[in-house]
file entry-v1.tsv (TSV, C-alpha atoms)
chain	number	residue	atom	x	y	z
A	1284	MET	CA	3.39	48.69	49.61
A	1285	HIS	CA	0.27	46.61	48.97
A	1286	GLU	CA	-1.08	46.57	45.42
A	1287	LEU	CA	-4.39	45.56	43.98
A	1288	ASP	CA	-4.28	42.78	41.42
A	1289	TRP	CA	-7.20	43.81	39.17
A	1290	GLN	CA	-7.32	40.56	37.25
A	1291	ARG	CA	-7.43	38.48	40.40
A	1292	LEU	CA	-10.10	40.75	41.89
A	1293	GLN	CA	-12.28	40.29	38.79
A	1294	ARG	CA	-11.80	36.51	38.87
A	1295	ARG	CA	-12.72	36.33	42.53
A	1296	LEU	CA	-15.90	38.30	41.87
A	1297	LEU	CA	-16.81	36.04	38.94
A	1298	LEU	CA	-16.11	32.90	40.93
A	1299	GLY	CA	-18.25	34.23	43.74
A	1300	GLY	CA	-21.18	34.43	41.31
A	1301	VAL	CA	-21.13	38.19	40.56
A	1302	ALA	CA	-22.54	38.89	37.09
A	1303	PRO	CA	-19.76	39.54	34.54
A	1304	ARG	CA	-20.98	43.07	33.73
A	1305	PHE	CA	-20.84	44.09	37.40
A	1306	ALA	CA	-17.46	42.40	37.92
A	1307	ARG	CA	-16.01	44.26	34.91
A	1308	ARG	CA	-17.53	47.58	35.95
A	1309	THR	CA	-16.33	47.23	39.54
A	1310	VAL	CA	-12.75	46.85	38.32
A	1311	VAL	CA	-12.97	49.74	35.84
A	1312	GLU	CA	-14.54	52.10	38.38
A	1313	LEU	CA	-12.09	51.12	41.12
A	1314	ARG	CA	-9.14	51.76	38.81
A	1315	ASN	CA	-10.47	55.22	37.99
A	1316	HIS	CA	-11.19	55.88	41.65
A	1317	LEU	CA	-7.62	54.93	42.55
A	1318	GLN	CA	-6.23	57.30	39.93
A	1319	ASP	CA	-8.42	60.10	41.29
A	1320	LEU	CA	-7.15	59.42	44.82
A	1321	VAL	CA	-3.51	59.39	43.67
A	1322	GLN	CA	-4.06	62.64	41.80
A	1323	ALA	CA	-5.66	64.26	44.85
A	1324	ALA	CA	-2.84	63.11	47.16
A	1325	SER	CA	-0.21	64.35	44.69
A	1326	ALA	CA	-2.00	67.69	44.47
A	1327	ASP	CA	-1.74	67.89	48.26
A	1328	GLY	CA	2.03	67.60	47.90
A	1329	ALA	CA	2.67	63.88	48.49
A	1330	GLU	CA	5.46	62.10	46.56
A	1331	HIS	CA	4.22	59.67	43.91
A	1332	GLU	CA	4.96	56.50	45.95
A	1333	ALA	CA	3.47	57.95	49.11
A	1334	ALA	CA	0.44	59.23	47.21
A	1335	ARG	CA	-0.19	55.78	45.75
A	1336	GLU	CA	0.24	54.09	49.13
A	1337	GLN	CA	-2.21	56.50	50.71
A	1338	ALA	CA	-4.68	56.05	47.85
A	1339	LEU	CA	-4.57	52.26	48.13
A	1340	GLU	CA	-5.23	52.50	51.84
A	1341	GLN	CA	-8.24	54.74	51.29
A	1342	LEU	CA	-9.62	52.47	48.60
A	1343	GLY	CA	-9.60	49.41	50.88
A	1344	ASP	CA	-8.17	45.97	50.32
A	1345	GLU	CA	-9.27	43.27	47.93
A	1346	ASP	CA	-10.89	41.12	50.64
A	1347	GLN	CA	-13.12	43.97	51.83
A	1348	ILE	CA	-14.30	44.77	48.31
A	1349	VAL	CA	-14.93	41.12	47.43
A	1350	ALA	CA	-16.79	40.50	50.71
A	1351	GLU	CA	-19.01	43.53	50.12
A	1352	ALA	CA	-19.85	42.46	46.56
A	1353	LEU	CA	-20.52	38.82	47.48
A	1354	ALA	CA	-22.84	39.89	50.29
A	1355	LYS	CA	-25.22	41.42	47.73
A	1356	SER	CA	-27.31	38.69	46.15
A	1357	GLU	CA	-28.78	41.02	43.53
A	1358	LEU	CA	-25.33	41.34	41.93
A	1359	LYS	CA	-25.14	37.61	41.37
A	1360	THR	CA	-26.09	35.81	38.21
A	1361	TRP	CA	-29.37	33.99	37.86
A	1362	ALA	CA	-27.37	30.77	37.47
A	1363	TYR	CA	-25.75	31.30	40.85
A	1364	ARG	CA	-28.90	32.38	42.67
A	1365	TYR	CA	-31.08	29.55	41.35
A	1366	THR	CA	-28.45	26.85	40.96
A	1367	ARG	CA	-30.77	23.89	41.50
A	1368	SER	CA	-33.49	24.94	39.07
A	1369	MET	CA	-31.04	26.16	36.48
A	1370	PHE	CA	-28.68	23.19	36.44
A	1371	LEU	CA	-31.11	20.39	37.30
A	1372	ALA	CA	-33.97	21.25	34.96
A	1373	GLY	CA	-32.07	23.52	32.55
A	1374	PRO	CA	-30.24	20.91	30.41
A	1375	VAL	CA	-33.34	18.73	29.91
A	1376	LEU	CA	-35.63	21.68	29.18
A	1377	LEU	CA	-33.14	23.23	26.79
A	1378	TYR	CA	-32.76	19.90	24.98
A	1379	VAL	CA	-36.51	19.42	24.53
A	1380	VAL	CA	-37.03	23.03	23.42
A	1381	ALA	CA	-34.06	22.85	21.03
A	1382	VAL	CA	-35.14	19.54	19.43
A	1383	LEU	CA	-38.74	20.66	19.01
A	1384	GLY	CA	-37.68	24.10	17.79
A	1385	ILE	CA	-35.17	22.81	15.24
A	1386	THR	CA	-37.46	20.06	13.94
A	1387	PHE	CA	-40.53	22.27	13.61
A	1388	ALA	CA	-38.46	25.07	12.07
A	1389	TYR	CA	-37.48	22.98	9.07
A	1390	THR	CA	-40.58	20.85	8.65
A	1391	VAL	CA	-43.71	22.83	9.45
A	1392	PRO	CA	-43.13	25.74	7.01
A	1393	ILE	CA	-42.39	23.32	4.17
A	1394	PHE	CA	-45.29	21.00	4.99
A	1395	SER	CA	-47.73	23.87	5.24
A	1396	VAL	CA	-46.57	25.73	2.15
A	1397	MET	CA	-46.12	22.77	-0.21
A	1398	ASP	CA	-49.03	21.01	-1.80
A	1399	LEU	CA	-49.52	17.81	0.16
A	1400	SER	CA	-50.57	15.88	-2.89
A	1401	LEU	CA	-47.34	16.85	-4.61
A	1402	SER	CA	-46.24	14.10	-6.87
A	1403	GLU	CA	-42.94	15.60	-7.92
A	1404	PRO	CA	-39.88	14.37	-6.07
A	1405	TRP	CA	-38.58	16.49	-3.21
A	1406	PRO	CA	-35.36	18.39	-3.88
A	1407	THR	CA	-32.24	16.48	-2.83
A	1408	TRP	CA	-30.97	19.34	-0.70
A	1409	TYR	CA	-34.07	19.09	1.48
A	1410	PHE	CA	-33.48	15.41	2.16
A	1411	TRP	CA	-29.92	16.21	3.14
A	1412	LEU	CA	-31.06	19.04	5.36
A	1413	ALA	CA	-33.57	16.73	7.06
A	1414	ARG	CA	-30.96	14.01	7.53
A	1415	LEU	CA	-28.34	16.43	8.83
A	1416	THR	CA	-30.75	18.04	11.28
A	1417	THR	CA	-31.93	14.69	12.61
A	1418	TRP	CA	-28.33	13.56	13.02
A	1419	PHE	CA	-27.46	16.82	14.79
A	1420	CYS	CA	-30.38	16.46	17.21
A	1421	GLU	CA	-29.65	12.82	17.96
A	1422	TYR	CA	-25.87	12.86	18.26
A	1423	LEU	CA	-24.46	16.36	18.67
A	1424	LEU	CA	-27.06	18.35	20.56
A	1425	THR	CA	-26.78	16.34	23.79
A	1426	PRO	CA	-22.99	16.65	24.21
A	1427	LEU	CA	-23.09	20.30	23.15
A	1428	ILE	CA	-25.68	21.22	25.79
A	1429	ALA	CA	-23.94	19.08	28.41
A	1430	CYS	CA	-20.56	20.72	27.71
A	1431	GLY	CA	-22.18	24.17	27.72
A	1432	PHE	CA	-23.70	23.61	31.16
A	1433	CYS	CA	-20.42	22.16	32.47
A	1434	VAL	CA	-18.46	25.18	31.28
A	1435	LEU	CA	-21.09	27.52	32.76
A	1436	ALA	CA	-20.97	25.70	36.10
A	1437	ILE	CA	-17.17	25.83	36.25
A	1438	ARG	CA	-16.97	29.47	35.19
A	1439	ARG	CA	-19.56	30.48	37.77
A	1440	GLY	CA	-17.93	28.40	40.49
A	1441	VAL	CA	-21.17	26.49	41.07
A	1442	PRO	CA	-20.83	23.31	43.17
A	1443	LEU	CA	-20.84	20.49	40.64
A	1444	PHE	CA	-23.42	18.18	42.25
A	1445	TRP	CA	-26.55	19.74	40.71
A	1446	PRO	CA	-25.05	20.35	37.26
A	1447	LEU	CA	-23.85	16.74	37.11
A	1448	LEU	CA	-27.25	15.41	38.14
A	1449	GLY	CA	-28.95	17.59	35.51
A	1450	ILE	CA	-26.45	16.53	32.86
A	1451	GLY	CA	-26.97	12.86	33.81
A	1452	MET	CA	-30.69	13.29	33.20
A	1453	LEU	CA	-29.93	14.98	29.90
A	1454	LEU	CA	-27.69	12.10	28.78
A	1455	PHE	CA	-30.40	9.59	29.62
A	1456	LEU	CA	-33.05	11.57	27.75
A	1457	GLY	CA	-30.85	12.62	24.84
A	1458	SER	CA	-29.42	9.19	24.06
A	1459	GLY	CA	-32.89	7.61	23.84
A	1460	TRP	CA	-34.49	10.26	21.65
A	1461	ASN	CA	-35.39	9.90	17.97
A	1462	SER	CA	-37.14	12.37	15.69
A	1463	VAL	CA	-38.82	10.78	12.65
A	1464	VAL	CA	-39.74	12.99	9.72
A	1465	GLU	CA	-41.72	11.53	6.82
A	1466	MET	CA	-41.86	13.59	3.67
A	1467	PRO	CA	-45.17	14.02	1.89
A	1468	ALA	CA	-45.07	11.97	-1.33
A	1469	GLY	CA	-47.91	11.64	-3.78
A	1470	PRO	CA	-51.18	11.11	-1.94
A	1471	ARG	CA	-49.38	10.32	1.32
A	1472	GLN	CA	-49.23	13.18	3.80
A	1473	GLY	CA	-46.05	14.14	5.58
A	1474	GLY	CA	-45.60	13.13	9.19
A	1475	LEU	CA	-43.56	14.10	12.17
A	1476	SER	CA	-43.13	11.95	15.26
A	1477	PHE	CA	-40.85	11.79	18.25
A	1478	GLN	CA	-39.82	8.54	19.91
A	1479	TRP	CA	-38.05	7.88	23.13
A	1480	GLY	CA	-37.14	4.58	24.68
A	1481	TYR	CA	-34.72	1.89	25.78
A	1482	GLN	CA	-35.08	-1.84	25.92
A	1483	PHE	CA	-33.56	-3.42	28.98
A	1484	ILE	CA	-35.88	-6.47	29.10
A	1485	PRO	CA	-35.15	-8.77	26.14
A	1486	TRP	CA	-38.29	-10.93	26.23
A	1487	ARG	CA	-40.76	-8.06	26.01
A	1488	PRO	CA	-41.17	-6.72	22.52
A	1489	VAL	CA	-41.08	-2.96	22.54
A	1490	GLN	CA	-40.46	-0.52	19.76
A	1491	VAL	CA	-36.74	-0.09	20.37
A	1492	GLY	CA	-34.48	-3.02	19.51
A	1493	TRP	CA	-31.45	-4.30	21.41
A	1494	VAL	CA	-28.98	-3.04	18.83
A	1495	GLN	CA	-30.43	0.41	19.15
A	1496	THR	CA	-30.31	0.23	22.93
A	1497	LEU	CA	-26.65	-0.81	22.79
A	1498	GLU	CA	-25.99	2.15	20.55
A	1499	GLN	CA	-27.80	4.42	23.01
A	1500	LEU	CA	-25.74	3.08	25.91
A	1501	LEU	CA	-22.60	3.61	23.85
A	1502	ARG	CA	-23.70	7.20	23.31
A	1503	ILE	CA	-24.08	7.70	27.06
A	1504	ALA	CA	-20.57	6.26	27.60
A	1505	VAL	CA	-19.03	8.52	24.94
A	1506	TYR	CA	-20.81	11.62	26.28
A	1507	SER	CA	-19.75	10.79	29.84
A	1508	ALA	CA	-16.12	10.34	28.78
A	1509	LEU	CA	-16.25	13.69	26.98
A	1510	LEU	CA	-17.62	15.42	30.07
A	1511	TYR	CA	-15.12	13.71	32.34
A	1512	GLY	CA	-12.31	15.00	30.14
A	1513	LEU	CA	-13.81	18.49	30.13
A	1514	LEU	CA	-14.27	18.62	33.89
A	1515	ASN	CA	-10.69	17.47	34.44
A	1516	ARG	CA	-9.01	19.78	32.00
A	1517	TYR	CA	-11.07	22.98	31.96
A	1518	ARG	CA	-9.82	25.34	34.67
A	1519	PRO	CA	-10.65	28.91	33.61
A	1520	PHE	CA	-9.38	30.60	36.77
A	1521	GLY	CA	-6.50	28.35	37.84
A	1522	SER	CA	-6.46	27.99	41.59
A	1523	VAL	CA	-8.11	31.33	42.46
A	1524	ARG	CA	-11.01	31.00	44.90
A	1525	PRO	CA	-13.53	33.71	45.86
B	972	MET	CA	-46.09	44.76	67.06
B	973	SER	CA	-43.54	47.23	65.71
B	974	LYS	CA	-41.10	46.41	62.94
B	975	THR	CA	-37.67	45.00	63.76
B	976	ASN	CA	-34.70	47.20	62.92
B	977	PRO	CA	-31.83	45.17	61.44
B	978	PRO	CA	-32.77	46.06	57.83
B	979	PHE	CA	-32.80	49.72	58.82
B	980	MET	CA	-29.38	49.52	60.50
B	981	SER	CA	-27.85	47.91	57.43
B	982	GLY	CA	-29.66	50.45	55.24
B	983	VAL	CA	-27.64	53.48	56.35
B	984	PRO	CA	-25.30	53.47	53.31
B	985	GLU	CA	-28.35	53.04	51.09
B	986	LEU	CA	-30.03	56.01	52.76
B	987	LEU	CA	-27.00	58.25	52.29
B	988	VAL	CA	-26.38	57.21	48.69
B	989	LEU	CA	-30.01	57.64	47.66
B	990	ARG	CA	-30.23	61.00	49.41
B	991	LEU	CA	-27.07	62.44	47.83
B	992	LEU	CA	-27.78	61.08	44.38
B	993	SER	CA	-31.34	62.40	44.46
B	994	GLN	CA	-29.88	65.91	44.69
B	995	GLN	CA	-27.23	65.58	42.02
B	996	GLU	CA	-25.83	63.11	39.51
B	997	MET	CA	-22.37	61.92	40.62
B	998	TYR	CA	-19.72	59.30	39.89
B	999	GLY	CA	-18.23	57.07	42.61
B	1000	TYR	CA	-15.30	59.26	43.62
B	1001	GLU	CA	-17.49	62.38	43.86
B	1002	LEU	CA	-20.08	60.46	45.86
B	1003	VAL	CA	-17.53	59.30	48.44
B	1004	ARG	CA	-16.28	62.88	48.82
B	1005	ALA	CA	-19.88	64.04	49.21
B	1006	ILE	CA	-20.58	61.39	51.90
B	1007	ARG	CA	-17.51	62.46	53.85
B	1008	HIS	CA	-18.36	66.14	53.49
B	1009	SER	CA	-22.08	65.84	54.30
B	1010	THR	CA	-21.47	63.63	57.36
B	1011	LEU	CA	-18.77	66.03	58.62
B	1012	GLU	CA	-16.17	63.26	58.12
B	1013	SER	CA	-17.89	61.16	60.79
B	1014	ILE	CA	-18.43	58.26	58.40
B	1015	SER	CA	-15.18	56.84	57.15
B	1016	LEU	CA	-15.37	53.83	54.88
B	1017	ALA	CA	-13.05	51.85	52.63
B	1018	GLU	CA	-13.92	53.81	49.51
B	1019	GLY	CA	-13.90	50.79	47.20
B	1020	VAL	CA	-16.91	49.23	48.89
B	1021	VAL	CA	-19.16	51.99	47.56
B	1022	TYR	CA	-19.22	50.34	44.11
B	1023	PRO	CA	-20.92	47.08	45.10
B	1024	THR	CA	-23.50	49.22	46.90
B	1025	LEU	CA	-24.05	51.40	43.82
B	1026	HIS	CA	-24.35	48.37	41.54
B	1027	SER	CA	-26.74	46.69	43.92
B	1028	LEU	CA	-29.00	49.75	44.05
B	1029	GLU	CA	-28.85	50.01	40.29
B	1030	SER	CA	-29.83	46.37	39.78
B	1031	ARG	CA	-32.82	46.95	42.09
B	1032	GLY	CA	-33.90	49.88	39.93
B	1033	LEU	CA	-33.25	52.50	42.62
B	1034	LEU	CA	-30.43	54.16	40.67
B	1035	ARG	CA	-29.71	54.57	36.99
B	1036	SER	CA	-26.28	54.98	35.51
B	1037	ARG	CA	-24.81	56.48	32.37
B	1038	GLU	CA	-21.30	56.38	31.04
B	1039	ALA	CA	-19.59	59.59	30.02
B	1040	SER	CA	-16.28	59.59	28.24
B	1041	ASN	CA	-15.80	63.30	27.74
B	1042	SER	CA	-13.52	63.68	30.78
B	1043	VAL	CA	-9.93	62.48	31.23
B	1044	ARG	CA	-11.19	59.05	32.25
B	1045	PRO	CA	-14.45	57.34	31.39
B	1046	ARG	CA	-16.93	57.97	34.21
B	1047	VAL	CA	-20.06	56.19	35.29
B	1048	TYR	CA	-22.56	58.71	36.66
B	1049	TYR	CA	-25.37	57.63	38.98
B	1050	LYS	CA	-28.70	59.26	39.75
B	1051	THR	CA	-31.65	58.25	41.92
B	1052	THR	CA	-34.69	57.03	39.95
B	1053	ALA	CA	-38.34	57.72	40.81
B	1054	ARG	CA	-38.48	54.30	42.48
B	1055	GLY	CA	-35.31	55.20	44.38
B	1056	LYS	CA	-36.96	58.40	45.61
B	1057	ARG	CA	-39.91	56.41	46.93
B	1058	ARG	CA	-37.50	54.06	48.70
B	1059	LEU	CA	-35.65	57.08	50.11
B	1060	LYS	CA	-38.90	58.38	51.55
B	1061	GLU	CA	-39.50	55.05	53.30
B	1062	LEU	CA	-35.96	54.98	54.68
B	1063	LEU	CA	-36.29	58.53	55.97
B	1064	GLN	CA	-39.53	57.61	57.78
B	1065	ASP	CA	-37.75	54.61	59.34
B	1066	TRP	CA	-34.88	56.85	60.30
B	1067	ASP	CA	-37.22	59.33	62.03
B	1068	ARG	CA	-38.97	56.55	63.89
B	1069	VAL	CA	-35.80	54.83	65.13
B	1070	SER	CA	-33.77	57.96	65.86
B	1071	GLY	CA	-36.79	59.40	67.72
B	1072	GLY	CA	-36.90	56.25	69.85
B	1073	ILE	CA	-33.18	56.29	70.52
B	1074	ASN	CA	-33.24	59.99	71.43
B	1075	ALA	CA	-36.11	59.34	73.82
B	1076	ALA	CA	-34.19	56.49	75.45
B	1077	LEU	CA	-30.99	58.53	75.71
B	1078	GLY	CA	-32.96	61.46	77.04
B	1079	GLU	CA	-34.23	59.28	79.90
B	1080	LEU	CA	-30.73	57.94	80.59
B	1081	TYR	CA	-29.07	61.35	80.72
B	1082	ALA	CA	-31.90	63.17	82.47

call {"tool": "encode", "arguments": {"input": "entry-v1.tsv", "output": "structure tokens"}}
result
Amino acid sequence: MHELDWQRLQRRLLLGGVAPRFARRTVVELRNHLQDLVQAASADGAEHEAAREQALEQLGDEDQIVAEALAKSELKTWAYRYTRSMFLAGPVLLYVVAVLGITFAYTVPIFSVMDLSLSEPWPTWYFWLARLTTWFCEYLLTPLIACGFCVLAIRRGVPLFWPLLGIGMLLFLGSGWNSVVEMPAGPRQGGLSFQWGYQFIPWRPVQVGWVQTLEQLLRIAVYSALLYGLLNRYRPFGSVRP
Amino acid sequence: MSKTNPPFMSGVPELLVLRLLSQQEMYGYELVRAIRHSTLESISLAEGVVYPTLHSLESRGLLRSREASNSVRPRVYYKTTARGKRRLKELLQDWDRVSGGINAALGELYA
């Protein structure tokens, strides 16, 4: 007697790019449908085993159901339908939006509300918040976004070429980015600036020094090692293929 | 030049589903029974494949669904939306056009 493996069916749908809510609902509705068919066959006088066998036959096999679902592009996730745009531009765009959003969120309200000629010292907690946020944006945000996109690509079964290219661009952008926040103090107004750069040519003075560039390259190496480890170890669906 | 027909030929399940669900709200099992009954058992399909079709029509806004848990098992009921009814009208016009053409051709062949 052939049986349907519900978990495997759901994984195959997910790996084929079907949106999680449709994959889940397909399994739930098929299970209920099977029970209805068994009940109907039993009511017609079939033995339990025979009723189940007949019901499974009427329901169709796993390959048919998966093929039908995968043939419908509207059931697939946005990430699967627009792989290139999502994974190539997504990491970089998300990084820029996140850095700008986080930085403006903690500076602009304070700068606009506080008196710019304030002579009193700023509260210590605010300095710590500023330092922590800058550190987060410079060191943690890039690997977090990169790992997020890697996990998304693996879970959705997306071919890894475009995600890796997008993540490579993110690493290059993210490791060269600096946000500089200057607090208003006395008559001096507060300031907010963003810098990006590398120095690969030693005899041309540019704003970023060699030590900083080495640190940036080290950041790229660490991020790449992290992603390599993730790509090698993270296998959400084992060996199941759609 | 007249329209080509492949989309129409692959739209038969869509036509049947929209038609039946425009008359009455149903869940998947009921719908399959209704298809078999209304087509005089001439259309026999692997019943499980009706769900991807239902979900696809729902994601295109042609059907809406609601969950009901007052029966023995939780059910997802489907009904044709206003947009679905407009689509049904188009499909029925296509059907008339193509079936009229086929009937004319068969009429000539068997005359």

call {"tool": "closest_atom_pairs", "arguments": {"input": "entry-v1.tsv", "of": "chain B", "to": "chain A", "cutoff": "7 Å", "atoms": "all atoms listed in the file", "output": "JSON lines"}}
result
{"residue": "B:Tyr1000", "atom": "CA", "partner": "A:His1316", "partner_atom": "CA", "distance": 5.7}
{"residue": "B:Ala1017", "atom": "CA", "partner": "A:Gly1343", "partner_atom": "CA", "distance": 4.6}
{"residue": "B:Glu1018", "atom": "CA", "partner": "A:Leu1342", "partner_atom": "CA", "distance": 4.6}
{"residue": "B:Gly1019", "atom": "CA", "partner": "A:Leu1342", "partner_atom": "CA", "distance": 4.8}
{"residue": "B:Val1020", "atom": "CA", "partner": "A:Ile1348", "partner_atom": "CA", "distance": 5.2}
{"residue": "B:Tyr1022", "atom": "CA", "partner": "A:Thr1309", "partner_atom": "CA", "distance": 6.2}
{"residue": "B:Pro1023", "atom": "CA", "partner": "A:Ala1352", "partner_atom": "CA", "distance": 5.0}
{"residue": "B:His1026", "atom": "CA", "partner": "A:Phe1305", "partner_atom": "CA", "distance": 6.9}
{"residue": "B:Ser1027", "atom": "CA", "partner": "A:Leu1358", "partner_atom": "CA", "distance": 5.9}
{"residue": "B:Ser1030", "atom": "CA", "partner": "A:Glu1357", "partner_atom": "CA", "distance": 6.6}
{"residue": "B:Arg1044", "atom": "CA", "partner": "A:Asn1315", "partner_atom": "CA", "distance": 6.9}

call {"tool": "axis_aligned_box", "arguments": {"input": "entry-v1.tsv", "around": "stretch 1044-1048 of chain B", "padding_each_side": "6 Å", "output": "lines of an AutoDock Vina configuration file"}}
result
center_x = -16.9
center_y = 57.6
center_z = 34.0
size_x = 23.4
size_y = 14.9
size_z = 17.3

call {"tool": "residues_around", "arguments": {"input": "entry-v1.tsv", "residues": "stretch 996-998 of chain B", "least_positions_apart": "5", "cutoff": "6 Å", "atoms": "only C-alpha atoms", "output": "PyMOL selection string"}}
result
chain B and resi 1047-1050

call {"tool": "write_last_selection", "arguments": {"input": "entry-v1.tsv", "atoms": "C-alpha atoms", "output": "short mmCIF file (atom, residue, chain, number, x, y, z; two decimals), in the coordinates of the input"}}
result
data_model
loop_
_atom_site.label_atom_id
_atom_site.label_comp_id
_atom_site.auth_asym_id
_atom_site.auth_seq_id
_atom_site.Cartn_x
_atom_site.Cartn_y
_atom_site.Cartn_z
CA VAL B 1047 -20.06 56.19 35.29
CA TYR B 1048 -22.56 58.71 36.66
CA TYR B 1049 -25.37 57.63 38.98
CA LYS B 1050 -28.70 59.26 39.75
#

call {"tool": "atom_distance", "arguments": {"input": "entry-v1.tsv", "atom1": "atom CA of B:Gly982", "atom2": "atom CA of B:Asp1065"}}
result
10.0 Å

call {"tool": "atom_distance", "arguments": {"input": "entry-v1.tsv", "atom1": "atom CA of A:Leu1514", "atom2": "atom CA of A:Leu1456"}}
result
21.0 Å

call {"tool": "atom_distance", "arguments": {"input": "entry-v1.tsv", "atom1": "atom CA of A:Leu1377", "atom2": "atom CA of A:Ala1504"}}
result
21.1 Å

call {"tool": "closest_residue", "arguments": {"input": "entry-v1.tsv", "among": "B:Leu1062, B:Leu1034, B:Ala1076, B:Ala1039", "to": "B:Leu992", "atoms": "all atoms listed in the file"}}
result
B:Leu1034

call {"tool": "closest_residue", "arguments": {"input": "entry-v1.tsv", "among": "A:Val1463, A:Leu1287, A:Leu1383, A:Leu1297", "to": "A:Arg1335", "atoms": "all atoms listed in the file"}}
result
A:Leu1287

call {"tool": "residues_around", "arguments": {"input": "entry-v1.tsv", "residues": "stretch 1420-1427 of chain A", "least_positions_apart": "5", "cutoff": "8 Å", "atoms": "all atoms listed in the file", "output": "ChimeraX atom specification"}}
result
/A:1378,1382,1453-1454,1457-1458,1460-1462,1502,1506,1509

call {"tool": "closest_residue", "arguments": {"input": "entry-v1.tsv", "among": "A:Pro1446, A:Gly1300, A:Gly1451, A:Pro1406", "to": "A:Cys1433", "atoms": "only C-alpha atoms"}}
result
A:Pro1446
